[in-house]
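> This is entry.cif (mmCIF, C-alpha atoms).
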data_structure
loop_
_atom_site.label_atom_id
_atom_site.label_comp_id
_atom_site.auth_asym_id
_atom_site.auth_seq_id
_atom_site.Cartn_x
_atom_site.Cartn_y
_atom_site.Cartn_z
CA MET A 1 130.72 60.69 127.24
CA GLU A 2 127.17 59.90 128.28
CA TYR A 3 126.91 63.29 130.03
CA LYS A 4 128.10 65.10 126.90
CA ASP A 5 125.58 63.24 124.75
CA ASN A 6 122.77 64.10 127.16
CA GLY A 7 123.91 67.71 127.21
CA LEU A 8 123.97 67.82 123.44
CA THR A 9 120.52 66.24 123.28
CA ARG A 10 119.12 68.76 125.73
CA ALA A 11 120.67 71.60 123.74
CA VAL A 12 119.13 70.28 120.52
CA ILE A 13 115.71 69.95 122.20
CA ARG A 14 115.93 73.48 123.62
CA SER A 15 116.96 74.81 120.22
CA SER A 16 114.08 72.98 118.55
CA MET A 17 111.58 74.29 121.10
CA ALA A 18 112.85 77.84 120.70
CA SER A 19 112.68 77.50 116.92
CA ASN A 20 109.08 76.25 117.08
CA PHE A 21 108.11 78.96 119.54
CA LEU A 22 109.59 81.71 117.39
CA ALA A 23 108.33 80.27 114.10
CA PRO A 24 105.88 82.48 112.16
CA VAL A 25 102.21 81.76 112.82
CA LYS A 26 101.52 81.52 109.06
CA THR A 27 104.12 81.12 106.32
CA ASP A 28 104.19 83.26 103.17
CA GLN A 29 103.06 80.21 101.21
CA GLN A 30 100.04 79.69 103.49
CA ILE A 31 99.13 83.36 103.15
CA TYR A 32 99.40 83.19 99.36
CA GLU A 33 97.39 79.99 98.96
CA ASN A 34 94.73 80.52 101.61
CA SER A 35 93.89 84.22 101.64
CA MET A 36 92.60 86.77 99.18
CA LEU A 37 95.31 88.66 97.27
CA GLU A 38 94.18 92.13 98.32
CA ASP A 39 97.43 93.82 97.30
CA ASP A 40 97.16 92.53 93.71
CA PRO A 41 94.29 94.26 91.90
CA ASN A 42 94.74 92.15 88.78
CA ALA A 43 94.08 88.84 90.55
CA ASN A 44 92.34 90.07 93.61
CA SER A 45 89.88 87.22 94.15
CA ALA A 46 91.39 84.18 92.41
CA VAL A 47 94.58 82.10 92.47
CA THR A 48 93.46 79.05 90.47
CA HIS A 49 91.31 78.60 87.36
CA GLU A 50 88.55 77.05 89.49
CA GLU A 51 88.42 80.14 91.68
CA LYS A 52 87.89 82.32 88.62
CA ILE A 53 84.77 80.25 87.82
CA LYS A 54 83.60 79.82 91.42
CA PRO A 55 85.42 82.53 93.40
CA ARG A 56 86.54 81.60 96.89
CA TRP A 57 86.74 85.28 97.89
CA GLY A 58 85.71 88.67 96.62
CA PRO A 59 82.63 90.64 95.59
CA HIS A 60 81.59 87.99 93.02
CA HIS A 61 81.25 85.27 95.67
CA LYS A 62 77.59 84.27 95.94
CA GLY A 63 77.60 84.15 99.75
CA ALA A 64 79.20 87.59 99.95
CA GLN A 65 76.54 89.04 97.66
CA GLU A 66 73.71 87.54 99.72
CA LEU A 67 75.20 88.88 102.95
CA ALA A 68 75.77 92.36 101.50
CA ASN A 69 72.09 92.52 100.51
CA LEU A 70 71.02 91.94 104.13
CA TYR A 71 72.25 95.44 105.14
CA SER A 72 68.97 97.23 105.92
CA ARG A 73 67.72 100.81 106.16
CA GLY A 74 66.90 100.28 109.84
CA LYS A 75 70.48 99.21 110.52
CA ARG A 76 71.75 102.29 108.67
CA THR A 77 69.54 104.56 110.79
CA GLN A 78 70.84 102.99 114.01
CA GLU A 79 74.44 103.52 112.87
CA CYS A 80 73.87 107.19 111.96
CA ILE A 81 72.32 107.94 115.36
CA CYS A 82 75.13 106.15 117.24
CA VAL A 83 77.89 107.92 115.32
CA GLY A 84 76.30 111.33 115.98
CA ILE A 85 75.86 110.72 119.73
CA CYS A 86 79.33 109.22 120.14
CA ILE A 87 81.17 112.05 118.38
CA THR A 88 79.28 114.60 120.50
CA LEU A 89 80.21 112.80 123.72
CA MET A 90 83.84 112.47 122.60
CA ALA A 91 84.05 116.25 122.04
CA VAL A 92 82.45 117.04 125.40
CA ASN A 93 84.72 114.66 127.32
CA PHE A 94 87.82 115.91 125.53
CA TYR A 95 86.91 119.47 126.58
CA PHE A 96 86.58 118.41 130.23
CA ILE A 97 89.87 116.47 130.12
CA VAL A 98 91.72 119.50 128.73
CA ILE A 99 90.38 121.93 131.34
CA HIS A 100 91.09 119.51 134.22
CA PHE A 101 94.56 118.49 133.01
CA ARG A 102 97.46 119.07 135.43
CA LEU A 103 101.07 118.77 134.23
CA GLU A 104 102.20 117.01 137.43
CA ASN A 105 99.95 114.05 136.56
CA LEU A 106 101.47 113.56 133.10
CA SER A 107 103.38 110.31 133.79
CA THR A 108 100.33 108.66 135.39
CA ILE A 109 98.13 109.81 132.51
CA VAL A 110 100.55 108.34 129.93
CA VAL A 111 100.51 104.94 131.70
CA ALA A 112 96.70 105.06 131.95
CA ALA A 113 96.41 105.93 128.26
CA LEU A 114 98.74 103.06 127.26
CA CYS A 115 96.69 100.64 129.37
CA GLY A 116 93.55 101.93 127.62
CA ILE A 117 95.05 101.16 124.21
CA ILE A 118 96.10 97.64 125.26
CA THR A 119 92.66 96.98 126.75
CA ALA A 120 91.07 98.14 123.49
CA ASP A 121 93.26 95.70 121.55
CA LEU A 122 92.28 92.81 123.83
CA SER A 123 88.61 93.82 123.67
CA SER A 124 88.74 93.93 119.87
CA GLY A 125 90.17 90.41 119.87
CA LEU A 126 87.50 89.02 122.20
CA VAL A 127 84.62 90.58 120.25
CA HIS A 128 86.14 89.67 116.89
CA TRP A 129 86.79 86.09 117.99
CA GLY A 130 83.29 85.69 119.45
CA ALA A 131 81.53 87.07 116.36
CA ASP A 132 83.77 85.18 113.92
CA THR A 133 83.59 81.86 115.71
CA TRP A 134 80.12 81.46 117.21
CA GLY A 135 76.50 82.20 116.37
CA SER A 136 74.61 82.38 113.10
CA VAL A 137 73.29 85.04 110.74
CA GLU A 138 69.85 83.46 111.32
CA LEU A 139 69.84 84.44 115.02
CA PRO A 140 67.13 87.01 115.89
CA ILE A 141 68.28 90.65 116.03
CA ILE A 142 72.03 90.07 116.42
CA GLY A 143 72.37 87.75 113.41
CA LYS A 144 71.62 90.08 110.49
CA ASN A 145 72.55 93.25 112.37
CA PHE A 146 75.85 92.33 114.03
CA LEU A 147 77.14 88.91 112.88
CA ARG A 148 76.41 89.44 109.17
CA PRO A 149 79.36 91.84 108.59
CA PHE A 150 81.80 89.31 110.06
CA ARG A 151 80.59 86.57 107.72
CA GLU A 152 80.73 88.87 104.70
CA HIS A 153 84.20 90.10 105.60
CA HIS A 154 85.82 86.67 105.49
CA ILE A 155 84.59 85.86 101.97
CA ASP A 156 84.97 89.41 100.67
CA PRO A 157 87.69 91.09 102.79
CA THR A 158 87.83 94.19 100.58
CA SER A 159 84.11 94.87 101.08
CA ILE A 160 85.05 96.94 104.12
CA THR A 161 87.01 99.30 101.86
CA ARG A 162 83.78 100.03 99.96
CA HIS A 163 81.86 100.91 103.13
CA ASP A 164 81.54 104.57 104.07
CA PHE A 165 82.41 106.00 107.49
CA ILE A 166 78.96 105.31 108.96
CA GLU A 167 78.73 101.66 107.91
CA THR A 168 82.33 101.01 108.90
CA ASN A 169 82.18 102.53 112.37
CA GLY A 170 78.54 102.61 113.51
CA ASP A 171 78.62 99.54 115.77
CA ASN A 172 81.94 100.37 117.44
CA PHE A 173 80.79 103.92 118.14
CA MET A 174 77.58 102.50 119.66
CA VAL A 175 79.55 100.35 122.16
CA THR A 176 81.33 103.39 123.64
CA ILE A 177 78.24 105.55 124.23
CA PRO A 178 77.38 104.27 127.76
CA PHE A 179 80.99 104.77 128.96
CA LEU A 180 81.35 108.22 127.43
CA GLY A 181 77.94 109.22 128.77
CA ARG A 182 78.88 108.17 132.30
CA MET A 183 82.17 110.10 132.03
CA THR A 184 80.31 113.24 130.97
CA TRP A 185 77.91 112.87 133.91
CA HIS A 186 80.82 112.57 136.35
CA PHE A 187 82.61 115.61 134.95
CA ILE A 188 79.41 117.66 135.32
CA THR A 189 78.32 116.47 138.76
CA LEU A 190 81.52 115.75 140.70
CA SER A 191 83.58 118.36 142.55
CA GLU A 192 87.02 119.43 141.29
CA GLU A 193 88.67 117.39 144.05
CA GLU A 194 86.77 114.25 143.05
CA VAL A 195 87.50 114.82 139.35
CA GLN A 196 91.25 115.10 140.08
CA LYS A 197 91.13 111.98 142.23
CA ASN A 198 89.65 109.97 139.36
CA PHE A 199 91.43 111.80 136.53
CA SER A 200 93.82 108.97 135.57
CA TRP A 201 90.88 106.55 135.44
CA SER A 202 89.00 109.02 133.24
CA CYS A 203 91.98 109.24 130.86
CA TYR A 204 92.14 105.44 130.74
CA LEU A 205 88.44 105.17 129.87
CA PHE A 206 88.64 107.98 127.33
CA LEU A 207 91.57 106.45 125.40
CA LEU A 208 89.90 103.04 125.66
CA ALA A 209 86.70 104.49 124.20
CA ILE A 210 88.57 106.33 121.42
CA PHE A 211 90.47 103.24 120.31
CA VAL A 212 87.41 100.98 120.59
CA ALA A 213 85.42 103.46 118.50
CA MET A 214 88.18 103.69 115.88
CA THR A 215 88.97 99.95 115.78
CA ASN A 216 86.98 99.22 112.64
CA GLN A 217 88.39 102.28 110.87
CA ILE A 218 91.88 101.00 111.70
CA HIS A 219 90.72 97.58 110.50
CA LYS A 220 89.51 99.14 107.24
CA TRP A 221 92.91 100.78 106.72
CA SER A 222 94.57 97.37 107.16
CA HIS A 223 92.67 96.21 104.04
CA THR A 224 93.35 99.38 102.04
CA TYR A 225 96.44 98.80 99.91
CA PHE A 226 96.10 101.87 97.70
CA GLY A 227 95.60 105.58 98.37
CA LEU A 228 96.11 105.63 102.15
CA PRO A 229 97.31 108.93 103.69
CA SER A 230 101.02 108.88 104.41
CA TRP A 231 100.46 109.35 108.17
CA VAL A 232 98.32 106.19 108.30
CA VAL A 233 100.99 104.19 106.45
CA PHE A 234 103.60 105.56 108.89
CA LEU A 235 101.55 104.39 111.89
CA GLN A 236 101.07 100.97 110.27
CA GLU A 237 104.75 100.55 109.43
CA TYR A 238 105.76 101.30 113.01
CA HIS A 239 102.95 99.08 114.37
CA VAL A 240 101.24 101.87 116.29
CA ILE A 241 98.02 100.70 114.63
CA LEU A 242 97.20 97.38 112.90
CA PRO A 243 99.58 96.84 109.94
CA ARG A 244 98.32 95.43 106.64
CA ARG A 245 100.69 92.48 106.36
CA HIS A 246 100.18 91.60 110.02
CA HIS A 247 96.40 91.39 109.57
CA ARG A 248 96.73 89.19 106.48
CA ILE A 249 97.61 86.37 108.91
CA HIS A 250 94.06 86.42 110.27
CA HIS A 251 92.64 86.11 106.76
CA VAL A 252 94.36 82.81 106.07
CA ALA A 253 91.46 80.33 105.97
CA PRO A 254 89.94 79.13 108.26
CA HIS A 255 90.49 82.46 110.09
CA GLU A 256 91.37 80.94 113.45
CA THR A 257 94.06 83.29 114.77
CA TYR A 258 95.25 86.93 115.12
CA PHE A 259 91.84 88.32 116.15
CA CYS A 260 93.06 91.57 117.78
CA ILE A 261 92.51 94.36 115.25
CA THR A 262 93.15 97.67 117.04
CA THR A 263 96.92 97.62 117.30
CA GLY A 264 97.54 93.89 116.94
CA TRP A 265 100.10 94.04 119.75
CA LEU A 266 98.55 91.09 121.61
CA ASN A 267 98.15 88.74 118.64
CA TRP A 268 101.54 87.02 118.81
CA PRO A 269 101.59 86.36 122.59
CA LEU A 270 97.96 85.17 122.63
CA GLU A 271 98.69 82.80 119.74
CA LYS A 272 101.80 81.39 121.42
CA ILE A 273 99.92 80.54 124.62
CA CYS A 274 97.09 78.97 122.53
CA PHE A 275 94.59 81.39 124.13
CA TRP A 276 91.89 81.15 121.44
CA GLN A 277 92.31 77.41 120.92
CA MET A 278 91.82 76.75 124.64
CA LEU A 279 88.67 78.89 124.77
CA GLU A 280 87.25 77.13 121.71
CA TRP A 281 88.03 73.69 123.13
CA ILE A 282 86.28 74.52 126.42
CA ILE A 283 83.18 75.92 124.71
CA GLU A 284 82.96 73.02 122.27
CA GLN A 285 83.25 70.49 125.10
CA VAL A 286 80.56 72.24 127.15
CA THR A 287 78.08 73.11 124.37
CA GLY A 288 78.89 70.73 121.52
CA CYS A 289 78.96 73.67 119.11
CA ARG A 290 81.69 73.62 116.48
CA PRO A 291 83.70 76.84 116.02
CA ARG A 292 83.22 78.72 112.74
CA ALA A 293 80.49 76.35 111.49
CA ASP A 294 78.31 79.24 110.24
CA ASP A 295 81.34 80.96 108.72
CA MET A 296 82.15 77.81 106.74
CA LYS A 297 78.54 77.50 105.57
CA TRP A 298 78.62 80.94 103.94
CA ALA A 299 82.11 80.39 102.50
CA GLN A 300 80.86 77.30 100.67
CA LYS A 301 78.17 79.23 98.76
CA ARG A 302 80.43 79.65 95.74
CA ALA A 303 78.22 78.57 92.84
#
What's the structure tokens form of this structure?

Amino acid sequence: MEYKDNGLTRAVIRSSMASNFLAPVKTDQQIYENSMLEDDPNANSAVTHEEKIKPRWGPHHKGAQELANLYSRGKRTQECICVGICITLMAVNFYFIVIHFRLENLSTIVVAALCGIITADLSSGLVHWGADTWGSVELPIIGKNFLRPFREHHIDPTSITRHDFIETNGDNFMVTIPFLGRMTWHFITLSEEEVQKNFSWSCYLFLLAIFVAMTNQIHKWSHTYFGLPSWVVFLQEYHVILPRRHHRIHHVAPHETYFCITTGWLNWPLEKICFWQMLEWIIEQVTGCRPRADDMKWAQKRA
């Protein structure tokens, strides 16, 4: 009898652990109460009467307006130059990949390309987490130029849908330029034998660069609830790229999870192993800095 009771207890514990492990990261109620209602244009920045007077999210939030006004002409110039260089390098590298392609290497190339996409998703999470969680808009150079959009985005998530292609993608395109430039140099200077030897690696880097460059465009689509092309909606629904409802989980205040924004494939496993929480705990113990302190400061500027 005692054995049966112990067996039953163990079964209940295992069932409870499995239930907790498989439980959703954020419930529908948490999403409704603690994130902006982007899919409802008639109440898109307020849930309560107080939020209509002092909006917690949206373009009428005082902090969001201040942050939007920090976007400078110099920053715009940098983005235009980076987008132009990056697109040119993408075209050149694509040409070289096509002319050096060999059908017998197809399976290796597919694996390399898939690894590139997964790496891009992880990279997007690390950068997104770092910029969301640490630093301040007041920091020299990187504050207003690179951290500012992350602060604005949390208190006005739909601001990204009002940004044009340059403002949306300039920084991500900039990141890929050194890698694409090095690939171009190798294609030009290496022999055919050396190019074929490194071809799978080149395909990996190229797909990684493409998905890194397009991450913020994919991110923008995840906030666009109206007027998206049908092919984008198809890719979202089948989770080839970041789906809209999936990304809403990140925008549940205080924005502490689901940081990967390219495909979002890694969000669930990273959350379940407490990856971000462990990193934050280590950094806070070592530095004494509190995660998302600057983010909270801007969110509180509601009056």
> Got a sec: who's within 12 Å of Gln78 of chain A, counting all atoms listed in the file, leaving out chain neighbours fewer than 5 positions off, as a list in words?
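Once the adjacent positions are removed, what remains is Tyr71, Ser72, Arg73, Val83, Gly84, Ile85, Asn145, Phe146, Ile166, Glu167, Asn169, Gly170, Asp171, Asn172, Phe173 and Met174 of chain A.
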> Please write the residues from the selection above to a file, keeping C-alpha atoms, as a PDB file, keeping the file's coordinate frame.

ATOM      1  CA  TYR A  71      72.250  95.440 105.140  1.00  0.00           C
ATOM      2  CA  SER A  72      68.970  97.230 105.920  1.00  0.00           C
ATOM      3  CA  ARG A  73      67.720 100.810 106.160  1.00  0.00           C
ATOM      4  CA  VAL A  83      77.890 107.920 115.320  1.00  0.00           C
ATOM      5  CA  GLY A  84      76.300 111.330 115.980  1.00  0.00           C
ATOM      6  CA  ILE A  85      75.860 110.720 119.730  1.00  0.00           C
ATOM      7  CA  ASN A 145      72.550  93.250 112.370  1.00  0.00           C
ATOM      8  CA  PHE A 146      75.850  92.330 114.030  1.00  0.00           C
ATOM      9  CA  ILE A 166      78.960 105.310 108.960  1.00  0.00           C
ATOM     10  CA  GLU A 167      78.730 101.660 107.910  1.00  0.00           C
ATOM     11  CA  ASN A 169      82.180 102.530 112.370  1.00  0.00           C
ATOM     12  CA  GLY A 170      78.540 102.610 113.510  1.00  0.00           C
ATOM     13  CA  ASP A 171      78.620  99.540 115.770  1.00  0.00           C
ATOM     14  CA  ASN A 172      81.940 100.370 117.440  1.00  0.00           C
ATOM     15  CA  PHE A 173      80.790 103.920 118.140  1.00  0.00           C
ATOM     16  CA  MET A 174      77.580 102.500 119.660  1.00  0.00           C
TER      17      MET A 174
END
> List the residues selected by the PyMOL selection byres ((chain A and resi 236-243) around 7) in the file shown, writing them as a list in words.
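That selection, the PyMOL selection byres ((chain A and resi 236-243) around 7), comes back as Ile218, His219, Ser222, Val232, Val233, Phe234, Leu235, Arg244, Arg245, His246, His247, Ile261, Thr262, Thr263 and Gly264 of chain A.
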> How would you write, as a CSV table (one decimal) with C-alpha atoms, keeping the file's coordinate frame, the residues chosen by the PyMOL selection byres ((chain A and resi 272-277) around 9) on this structure?

chain,number,residue,atom,x,y,z
A,21,PHE,CA,108.1,79.0,119.5
A,22,LEU,CA,109.6,81.7,117.4
A,25,VAL,CA,102.2,81.8,112.8
A,129,TRP,CA,86.8,86.1,118.0
A,256,GLU,CA,91.4,80.9,113.4
A,257,THR,CA,94.1,83.3,114.8
A,259,PHE,CA,91.8,88.3,116.2
A,267,ASN,CA,98.2,88.7,118.6
A,268,TRP,CA,101.5,87.0,118.8
A,269,PRO,CA,101.6,86.4,122.6
A,270,LEU,CA,98.0,85.2,122.6
A,271,GLU,CA,98.7,82.8,119.7
A,278,MET,CA,91.8,76.8,124.6
A,279,LEU,CA,88.7,78.9,124.8
A,280,GLU,CA,87.2,77.1,121.7
A,281,TRP,CA,88.0,73.7,123.1
A,282,ILE,CA,86.3,74.5,126.4
> Between atom CA of Phe187 of chain A and atom CA of Trp201 of chain A, what is the spacing in Å?
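The value is 12.3 Å.
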> Quick one: of A:His100, A:Lys52, A:Ile31, A:Glu79, who's nearest to Glu193 of chain A, counting all atoms listed in the file?
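With all atoms listed in the file as the atom set, the closest residue is A:His100.
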> Evaluate the PyMOL selection byres ((chain A and resi 141-143) around 12) and record the selected residues as an NGL selection string, following the chain and residue labels used in the document.
:A and (67 or 70-71 or 74-75 or 131-132 or 134-140 or 144-151 or 171 or 294)
> Pick from A:Arg302, A:Arg292, A:His186, A:His49: nearest to His61 of chain A, with all atoms listed in the file counted?
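Comparing A:Arg302, A:Arg292, A:His186, A:His49 against His61 of chain A, the winner is A:Arg302.
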> So how many Å separate atom CA of Asp28 of chain A and atom CA of Gln300 of chain A, to one decimal?
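Spanning atom CA of Asp28 of chain A to atom CA of Gln300 of chain A is a straight-line distance of 24.2 Å.
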> When you draw a straight line from atom CA of Ser107 of chain A to atom CA of Asp121 of chain A, how long is it in Å?
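Atom-to-atom, atom CA of Ser107 of chain A and atom CA of Asp121 of chain A are spaced 21.6 Å apart.
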> Of the residues A:Cys203, A:Ile155, A:Ile160, A:Leu266, which is the one nearest to Lys62 of chain A, using all atoms listed in the file?
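Checking each candidate against Lys62 of chain A, we get A:Ile155 as the closest.
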> From the set A:Gln30, A:Thr224, A:Thr88, A:Thr168, which residue has the shortest atom-to-atom contact distance to Thr184 of chain A, counting only C-alpha atoms?
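Of A:Gln30, A:Thr224, A:Thr88, A:Thr168, the one nearest Thr184 of chain A, counting only C-alpha atoms, is A:Thr88.
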> Between A:Ile177, A:Ile249, A:Cys260, A:Leu228, which residue has the minimum interatomic distance to Thr215 of chain A, considering all atoms listed in the file?
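Once distances to Thr215 of chain A are computed over all atoms listed in the file, the minimum belongs to A:Cys260.
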> Hey, what's within 9 Å of Gln196 of chain A if we count only C-alpha atoms and toss same-chain stuff fewer than 5 positions away? As a PDB file with C-alpha atoms, keeping the file's coordinate frame, please?

ATOM      1  CA  HIS A 100      91.090 119.510 134.220  1.00  0.00           C
ATOM      2  CA  PHE A 101      94.560 118.490 133.010  1.00  0.00           C
ATOM      3  CA  ARG A 102      97.460 119.070 135.430  1.00  0.00           C
ATOM      4  CA  SER A 191      83.580 118.360 142.550  1.00  0.00           C
TER       5      SER A 191
END
> Show me the residues close to (95.7, 77.5, 100.8) - anything with an atom within 10 Å, counting all atoms listed in the file - and format the list as a count of residues only.
12
> Which neighbours of Ala64 of chain A fall inside 9 Å, counting all atoms listed in the file, when residues of the same chain fewer than 6 positions from it are skipped, and could you give them as an MDAnalysis selection string?
chainID A and resid 57:58 151:156 159 298:299 301
> Please determine, counting only C-alpha atoms, which residue among A:Leu122, A:Val286, A:Met90, A:Ile188 has the shortest atom-to-atom distance to Leu207 of chain A.
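So, comparing all the options, the nearest one is A:Met90.
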